[in-house]
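The structure appears below as structure tokens.
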Amino acid sequence: MAKKDGSVVAKGHEEGIKLATSILNEFGLPPGLLPLVDVIKVTFARRTGYFRILQKKKVEHKFELIGKLVSYDTEINGYLLKKKIKKLKGVKAKEVMLWPPVYEIRVDEVSTGTIHFKGFAGIVKTFPVEAFAIGD
């Protein structure tokens with residue numbers, strides 16, 4: 001990992017996964033939230049909370065515990081705050097026959113064990129946090 005202008009950059013799959021998982025943990029988000037494959041580069045700017053993940057191809061992942069299929073584009077980016085990702089781009093969740101984008105993810109401040117996904121037209125879906133553990 002290289003540090004440049006206050007940012008942390010990890011190149012390659014192993015280093016990229018390590019950085020992505022560590023920043024999710026640091027901000028109180030479940031480590032399996034972004035099941036990445038063939039990571040090219042992960043960039044994180046600590047001052048602003050901005051992150052950017054590049055992977056070789058689009059990935060679809062089914063979270064078995066909740067039966068939800070999610071699509072991760074070749075570029076995923078957004079802003080990390082404590083227990084929250086804002087202005088998220090590159091993530092879509094399948095709803096019946098549509099793939100609406102997910103714009104925000106938030107874990108409850110109080111330990112209720114729930115995580116909320118805000119998407120199309122302000123619709124919020126709530127799930128148990130354990131559905132996004134590593135390995136699901």
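Chain identifiers are assigned as A, B, and so on, following the order in which chains appear in the structure tokens; residues are numbered from 1 within each chain, and ligands are numbered from 1 in order of appearance.
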For region 38-51 of chain A: contacts at 6 Å, only C-alpha atoms, fewer than 6 positions along chain excluded, given as a ChimeraX atom specification
/A:7-13,16,77-80
Filtering to all heavy atoms, could you give me those residues as a short mmCIF file (atom, residue, chain, number, x, y, z; two decimals), in the first residue's frame?
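Generated output (result.cif):
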```cif
data_model
loop_
_atom_site.label_atom_id
_atom_site.label_comp_id
_atom_site.auth_asym_id
_atom_site.auth_seq_id
_atom_site.Cartn_x
_atom_site.Cartn_y
_atom_site.Cartn_z
N SER A 7 -3.98 10.02 0.87
CA SER A 7 -4.79 8.89 0.41
C SER A 7 -4.02 7.59 0.58
O SER A 7 -2.80 7.58 0.61
CB SER A 7 -5.14 9.05 -1.08
OG SER A 7 -5.97 10.16 -1.26
N VAL A 8 -4.76 6.50 0.69
CA VAL A 8 -4.16 5.18 0.74
C VAL A 8 -4.58 4.48 -0.55
O VAL A 8 -5.75 4.48 -0.91
CB VAL A 8 -4.65 4.39 1.97
CG1 VAL A 8 -4.01 3.02 2.01
CG2 VAL A 8 -4.39 5.15 3.25
N VAL A 9 -3.61 3.90 -1.24
CA VAL A 9 -3.87 3.20 -2.49
C VAL A 9 -3.35 1.78 -2.38
O VAL A 9 -2.22 1.57 -1.96
CB VAL A 9 -3.19 3.91 -3.69
CG1 VAL A 9 -3.42 3.15 -4.98
CG2 VAL A 9 -3.66 5.35 -3.81
N ALA A 10 -4.19 0.82 -2.74
CA ALA A 10 -3.78 -0.58 -2.76
C ALA A 10 -4.01 -1.11 -4.17
O ALA A 10 -5.10 -0.96 -4.72
CB ALA A 10 -4.59 -1.39 -1.75
N LYS A 11 -2.97 -1.71 -4.74
CA LYS A 11 -3.09 -2.25 -6.09
C LYS A 11 -3.06 -3.77 -6.03
O LYS A 11 -2.33 -4.36 -5.24
CB LYS A 11 -1.95 -1.73 -6.96
CG LYS A 11 -2.05 -0.24 -7.22
CD LYS A 11 -0.97 0.24 -8.15
CE LYS A 11 -1.14 1.74 -8.38
NZ LYS A 11 -0.13 2.27 -9.25
N GLY A 12 -3.87 -4.39 -6.88
CA GLY A 12 -3.95 -5.85 -6.92
C GLY A 12 -5.04 -6.38 -6.01
O GLY A 12 -5.51 -5.70 -5.09
N HIS A 13 -5.45 -7.60 -6.28
CA HIS A 13 -6.59 -8.19 -5.57
C HIS A 13 -6.36 -8.35 -4.07
O HIS A 13 -7.17 -7.89 -3.27
CB HIS A 13 -6.96 -9.54 -6.20
CG HIS A 13 -8.15 -10.15 -5.57
ND1 HIS A 13 -9.42 -9.66 -5.78
CD2 HIS A 13 -8.28 -11.18 -4.70
CE1 HIS A 13 -10.28 -10.38 -5.08
NE2 HIS A 13 -9.61 -11.30 -4.42
N GLY A 16 -5.97 -5.00 -2.33
CA GLY A 16 -7.24 -4.27 -2.45
C GLY A 16 -8.30 -4.79 -1.50
O GLY A 16 -8.99 -4.02 -0.83
N ASN A 77 -17.87 3.57 -5.94
CA ASN A 77 -17.31 4.67 -5.17
C ASN A 77 -18.38 5.30 -4.30
O ASN A 77 -19.58 5.08 -4.49
CB ASN A 77 -16.62 5.70 -6.07
CG ASN A 77 -17.56 6.36 -7.04
OD1 ASN A 77 -18.50 7.04 -6.64
ND2 ASN A 77 -17.33 6.16 -8.32
N GLY A 78 -17.93 6.08 -3.35
CA GLY A 78 -18.83 6.77 -2.43
C GLY A 78 -18.04 7.40 -1.31
O GLY A 78 -16.81 7.50 -1.37
N TYR A 79 -18.75 7.82 -0.26
CA TYR A 79 -18.13 8.48 0.89
C TYR A 79 -18.45 7.72 2.17
O TYR A 79 -19.62 7.45 2.46
CB TYR A 79 -18.63 9.93 1.01
CG TYR A 79 -18.15 10.79 -0.12
CD1 TYR A 79 -18.84 10.86 -1.33
CD2 TYR A 79 -16.97 11.52 0.01
CE1 TYR A 79 -18.38 11.64 -2.37
CE2 TYR A 79 -16.51 12.31 -1.03
CZ TYR A 79 -17.21 12.36 -2.21
OH TYR A 79 -16.75 13.13 -3.25
N LEU A 80 -17.41 7.37 2.91
CA LEU A 80 -17.57 6.66 4.16
C LEU A 80 -17.67 7.63 5.33
O LEU A 80 -16.88 8.57 5.43
CB LEU A 80 -16.38 5.73 4.41
CG LEU A 80 -16.35 4.49 3.53
CD1 LEU A 80 -14.95 3.90 3.52
CD2 LEU A 80 -17.35 3.47 4.02
#
```
Need the shell around Glu60 (chain A): protein/DNA/RNA residues with any atom at most 7 Å away, counting only C-alpha atoms. Skip same-chain ones fewer than 6 positions apart. Format as a list in words?
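That gives Leu69, Val70, Ser71 and Tyr72 of chain A.
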Surrounding residues of Asp73 (chain A) excluding itself and chain neighbours under 2 positions, 8 Å, only C-alpha atoms, as a PDB file with C-alpha atoms, in the first residue's frame:
```pdb
ATOM      1  CA  GLN A  55     -12.385  -4.461 -10.387  1.00  0.00           C
ATOM      2  CA  LYS A  57     -15.512  -7.186 -14.256  1.00  0.00           C
ATOM      3  CA  LYS A  58     -19.006  -6.616 -12.947  1.00  0.00           C
ATOM      4  CA  VAL A  59     -19.934  -9.037 -10.143  1.00  0.00           C
ATOM      5  CA  SER A  71     -24.733  -6.279  -8.680  1.00  0.00           C
ATOM      6  CA  GLU A  75     -16.174   0.870 -10.473  1.00  0.00           C
ATOM      7  CA  ILE A  76     -17.701   1.392  -7.035  1.00  0.00           C
ATOM      8  CA  GLY A  90     -21.846   1.179  -8.774  1.00  0.00           C
ATOM      9  CA  VAL A  91     -24.134  -0.984  -6.584  1.00  0.00           C
TER      10      VAL A  91
END
```
Calculated over only C-alpha atoms, which of the candidates A:Ile23, A:Ile134, A:Leu36, A:Val129 has the smallest distance to Ile66 (chain A)?
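Distance minimum relative to Ile66 (chain A) lands on A:Val129.
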If DSSP is run on the backbone, what residues of chain A are helix (DSSP H, G or I)? A reply as a list in words would be ideal.
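After running DSSP on the backbone, chain A has helix (DSSP H, G or I) at His13, Glu14, Glu15, Gly16, Ile17, Lys18, Leu19, Ala20, Thr21, Ser22, Ile23, Leu24, Asn25, Glu26, Phe120, Ala121, Gly122, Val129, Glu130, Ala131 and Phe132 of chain A.
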Just the selected residues (all heavy atoms), exported as a compact mmCIF listing (two decimals), in the first residue's frame, please.
```
# COMPACT_ATOMS: atom_id res chain seq x y z
N HIS A 13 -5.45 -7.60 -6.28
CA HIS A 13 -6.59 -8.19 -5.57
C HIS A 13 -6.36 -8.35 -4.07
O HIS A 13 -7.17 -7.89 -3.27
CB HIS A 13 -6.96 -9.54 -6.20
CG HIS A 13 -8.15 -10.15 -5.57
ND1 HIS A 13 -9.42 -9.66 -5.78
CD2 HIS A 13 -8.28 -11.18 -4.70
CE1 HIS A 13 -10.28 -10.38 -5.08
NE2 HIS A 13 -9.61 -11.30 -4.42
N GLU A 14 -5.27 -8.99 -3.68
CA GLU A 14 -5.04 -9.26 -2.25
C GLU A 14 -4.94 -7.99 -1.43
O GLU A 14 -5.59 -7.84 -0.40
CB GLU A 14 -3.78 -10.12 -2.06
CG GLU A 14 -3.90 -11.52 -2.60
CD GLU A 14 -5.05 -12.32 -2.00
OE1 GLU A 14 -5.29 -12.23 -0.78
OE2 GLU A 14 -5.74 -13.01 -2.78
N GLU A 15 -4.13 -7.04 -1.89
CA GLU A 15 -3.97 -5.78 -1.17
C GLU A 15 -5.27 -4.96 -1.19
O GLU A 15 -5.64 -4.33 -0.21
CB GLU A 15 -2.82 -4.95 -1.75
CG GLU A 15 -1.45 -5.53 -1.46
CD GLU A 15 -1.13 -5.57 0.02
OE1 GLU A 15 -1.41 -4.59 0.73
OE2 GLU A 15 -0.59 -6.60 0.48
N GLY A 16 -5.97 -5.00 -2.33
CA GLY A 16 -7.24 -4.27 -2.45
C GLY A 16 -8.30 -4.79 -1.50
O GLY A 16 -8.99 -4.02 -0.83
N ILE A 17 -8.44 -6.11 -1.42
CA ILE A 17 -9.41 -6.73 -0.50
C ILE A 17 -9.05 -6.38 0.93
O ILE A 17 -9.92 -6.05 1.74
CB ILE A 17 -9.43 -8.26 -0.69
CG1 ILE A 17 -10.05 -8.63 -2.03
CG2 ILE A 17 -10.15 -8.95 0.46
CD1 ILE A 17 -11.54 -8.43 -2.12
N LYS A 18 -7.77 -6.43 1.26
CA LYS A 18 -7.31 -6.12 2.61
C LYS A 18 -7.67 -4.68 2.99
O LYS A 18 -8.19 -4.42 4.08
CB LYS A 18 -5.79 -6.33 2.70
CG LYS A 18 -5.26 -6.43 4.10
CD LYS A 18 -3.74 -6.61 4.13
CE LYS A 18 -3.31 -7.87 3.43
NZ LYS A 18 -1.86 -8.09 3.50
N LEU A 19 -7.42 -3.74 2.08
CA LEU A 19 -7.73 -2.34 2.36
C LEU A 19 -9.25 -2.12 2.45
O LEU A 19 -9.73 -1.47 3.37
CB LEU A 19 -7.14 -1.42 1.29
CG LEU A 19 -7.46 0.07 1.43
CD1 LEU A 19 -7.02 0.62 2.79
CD2 LEU A 19 -6.83 0.87 0.30
N ALA A 20 -10.01 -2.66 1.49
CA ALA A 20 -11.47 -2.49 1.50
C ALA A 20 -12.08 -3.04 2.79
O ALA A 20 -12.91 -2.38 3.43
CB ALA A 20 -12.08 -3.17 0.28
N THR A 21 -11.65 -4.22 3.21
CA THR A 21 -12.17 -4.82 4.44
C THR A 21 -11.79 -4.01 5.66
O THR A 21 -12.62 -3.79 6.55
CB THR A 21 -11.64 -6.27 4.58
OG1 THR A 21 -12.04 -7.02 3.43
CG2 THR A 21 -12.20 -6.95 5.81
N SER A 22 -10.56 -3.52 5.70
CA SER A 22 -10.12 -2.76 6.89
C SER A 22 -10.86 -1.43 7.01
O SER A 22 -11.22 -1.03 8.11
CB SER A 22 -8.60 -2.55 6.89
OG SER A 22 -8.23 -1.59 5.94
N ILE A 23 -11.14 -0.76 5.88
CA ILE A 23 -11.87 0.52 6.01
C ILE A 23 -13.34 0.28 6.34
O ILE A 23 -13.94 1.07 7.07
CB ILE A 23 -11.68 1.47 4.79
CG1 ILE A 23 -12.15 0.87 3.49
CG2 ILE A 23 -10.24 1.94 4.69
CD1 ILE A 23 -12.05 1.79 2.29
N LEU A 24 -13.93 -0.79 5.84
CA LEU A 24 -15.31 -1.11 6.24
C LEU A 24 -15.37 -1.35 7.75
O LEU A 24 -16.24 -0.82 8.44
CB LEU A 24 -15.84 -2.33 5.48
CG LEU A 24 -16.18 -2.13 4.01
CD1 LEU A 24 -16.53 -3.46 3.35
CD2 LEU A 24 -17.32 -1.13 3.84
N ASN A 25 -14.44 -2.15 8.26
CA ASN A 25 -14.38 -2.42 9.71
C ASN A 25 -14.17 -1.13 10.50
O ASN A 25 -14.84 -0.90 11.52
CB ASN A 25 -13.26 -3.41 10.04
CG ASN A 25 -13.65 -4.83 9.72
OD1 ASN A 25 -14.81 -5.22 9.82
ND2 ASN A 25 -12.67 -5.62 9.32
N GLU A 26 -13.24 -0.30 10.05
CA GLU A 26 -12.93 0.95 10.74
C GLU A 26 -14.15 1.86 10.86
O GLU A 26 -14.33 2.55 11.86
CB GLU A 26 -11.82 1.68 9.97
CG GLU A 26 -11.43 3.00 10.58
CD GLU A 26 -10.36 3.73 9.77
OE1 GLU A 26 -9.60 3.09 9.01
OE2 GLU A 26 -10.27 4.96 9.91
N PHE A 120 -33.79 3.72 -5.01
CA PHE A 120 -34.69 4.39 -5.94
C PHE A 120 -35.88 5.04 -5.22
O PHE A 120 -36.55 4.42 -4.42
CB PHE A 120 -35.17 3.37 -6.97
CG PHE A 120 -36.02 3.95 -8.05
CD1 PHE A 120 -35.47 4.78 -9.01
CD2 PHE A 120 -37.36 3.67 -8.12
CE1 PHE A 120 -36.25 5.31 -10.02
CE2 PHE A 120 -38.15 4.18 -9.12
CZ PHE A 120 -37.59 5.01 -10.07
N ALA A 121 -36.13 6.32 -5.52
CA ALA A 121 -37.26 7.08 -4.98
C ALA A 121 -37.28 7.12 -3.46
O ALA A 121 -38.32 7.25 -2.84
CB ALA A 121 -38.59 6.53 -5.52
N GLY A 122 -36.10 7.00 -2.84
CA GLY A 122 -36.02 7.10 -1.38
C GLY A 122 -36.49 5.86 -0.64
O GLY A 122 -36.64 5.88 0.58
N VAL A 129 -27.74 -7.27 9.97
CA VAL A 129 -26.33 -7.04 9.65
C VAL A 129 -25.60 -8.34 9.37
O VAL A 129 -24.74 -8.40 8.48
CB VAL A 129 -25.63 -6.25 10.79
CG1 VAL A 129 -24.14 -6.17 10.56
CG2 VAL A 129 -26.20 -4.86 10.90
N GLU A 130 -25.94 -9.41 10.08
CA GLU A 130 -25.21 -10.68 9.91
C GLU A 130 -25.35 -11.25 8.49
O GLU A 130 -24.58 -12.10 8.09
CB GLU A 130 -25.61 -11.72 10.96
CG GLU A 130 -27.05 -12.12 10.95
CD GLU A 130 -27.90 -11.34 11.94
OE1 GLU A 130 -27.45 -10.33 12.49
OE2 GLU A 130 -29.03 -11.77 12.17
N ALA A 131 -26.31 -10.76 7.70
CA ALA A 131 -26.45 -11.21 6.31
C ALA A 131 -25.25 -10.78 5.46
O ALA A 131 -25.03 -11.31 4.38
CB ALA A 131 -27.74 -10.67 5.71
N PHE A 132 -24.47 -9.82 5.98
CA PHE A 132 -23.35 -9.27 5.22
C PHE A 132 -22.00 -9.58 5.86
O PHE A 132 -21.03 -8.85 5.70
CB PHE A 132 -23.56 -7.75 5.05
CG PHE A 132 -24.87 -7.45 4.39
CD1 PHE A 132 -25.99 -7.20 5.15
CD2 PHE A 132 -24.98 -7.50 3.01
CE1 PHE A 132 -27.22 -6.98 4.55
CE2 PHE A 132 -26.20 -7.28 2.40
CZ PHE A 132 -27.32 -7.03 3.17
```
